[in-house]
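Below: one structure, written as structure tokens.
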Amino acid sequence: MRADQHIAGGAPSGVAAGGAAVRGRVEVKDRVYRTVTEKASATLIGVPRSDVKVDVAEHPRGLTVRIASPLPVPRLDDTAAIAQTVPVLERARELQEQLQQSLSAILGRNVIRINLTVTGAAIPERRRVQ
């Protein structure tokens, strides 16, 4: 019996009805990798998860990840924030490194490559003071 098969009697996969572990292997579906990668990437980049598109592929040495996301930029009338902003290419390289380290730790798999495509700019909404 494989660990990814459900055992009759309501016991979770990989656990026999008496509580003893069943030898086998656990397979994580691609959708789980994609969902976790979207959430972690959106959080690190600083955009809503719905703005991030991800593709994860498995290879013998690890995972490759393609991420398409807008990049947060300051409002054009905020000259102080603009002056402190790192150039886009440098920010993209930094994000690739941070994403590779973060996703490797979260997914428990070696992320061997991150392809980051900047799809536009995300400008924070102004909040009204009431």
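Ordered as shown in the structure tokens, chains take letters A, B, and onward, while each chain numbers its residues from 1 and ligands are numbered from 1 in the order shown.
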
*Excluding region 62-74 of chain A and residues on its chain fewer than 4 positions from it, collect all residues at most 9 Å away from it, counting only C-alpha atoms, and give them as a PyMOL selection string.*
chain A and resi 34+37-38+41-42+45-47+51-58+78-79+81-82+85+88+91-92+100+104+109-124

*Run DSSP on the backbone of this structure and report the residues of region 9-108 of chain A it assigns to helix (DSSP H, G or I), as a VMD selection string.*
chain A and resid 30 to 45 49 to 51 79 to 84 88 to 107

Create the file for the chosen residues now, containing C-alpha atoms and written as a compact mmCIF listing (two decimals), in the first residue's frame.
```txt
# COMPACT_ATOMS: atom_id res chain seq x y z
CA ASP A 30 1.88 20.94 -8.17
CA ARG A 31 -1.11 23.02 -7.10
CA VAL A 32 0.17 23.12 -3.51
CA TYR A 33 3.59 24.33 -4.68
CA ARG A 34 1.92 26.98 -6.83
CA THR A 35 -0.43 28.19 -4.09
CA VAL A 36 2.28 28.41 -1.44
CA THR A 37 4.66 30.09 -3.90
CA GLU A 38 2.02 32.67 -4.91
CA LYS A 39 1.28 33.60 -1.30
CA ALA A 40 4.92 33.78 -0.22
CA SER A 41 5.91 35.75 -3.33
CA ALA A 42 3.06 38.24 -2.97
CA THR A 43 3.97 38.82 0.68
CA LEU A 44 7.66 39.33 -0.06
CA ILE A 45 7.09 41.54 -3.11
CA ARG A 49 -1.80 37.56 -4.14
CA SER A 50 -4.28 38.01 -6.99
CA ASP A 51 -1.68 40.12 -8.84
CA THR A 79 9.72 62.84 -4.10
CA ALA A 80 11.39 61.73 -0.86
CA ALA A 81 10.33 58.09 -1.41
CA ILE A 82 11.37 58.24 -5.07
CA ALA A 83 14.84 59.50 -4.11
CA GLN A 84 15.29 56.51 -1.76
CA VAL A 88 14.13 48.42 -10.86
CA LEU A 89 16.74 45.95 -12.14
CA GLU A 90 18.59 45.99 -8.83
CA ARG A 91 15.31 45.48 -6.92
CA ALA A 92 14.39 42.59 -9.21
CA ARG A 93 17.77 40.89 -8.60
CA GLU A 94 17.40 41.35 -4.84
CA LEU A 95 13.86 39.94 -4.95
CA GLN A 96 15.06 36.91 -6.93
CA GLU A 97 17.67 36.12 -4.27
CA GLN A 98 15.23 36.67 -1.40
CA LEU A 99 12.55 34.58 -3.11
CA GLN A 100 14.98 31.74 -3.80
CA GLN A 101 16.07 31.56 -0.16
CA SER A 102 12.58 32.01 1.25
CA LEU A 103 10.86 29.54 -1.07
CA SER A 104 13.58 26.90 -0.56
CA ALA A 105 12.98 27.12 3.19
CA ILE A 106 9.18 27.18 2.97
CA LEU A 107 8.82 24.41 0.38
```
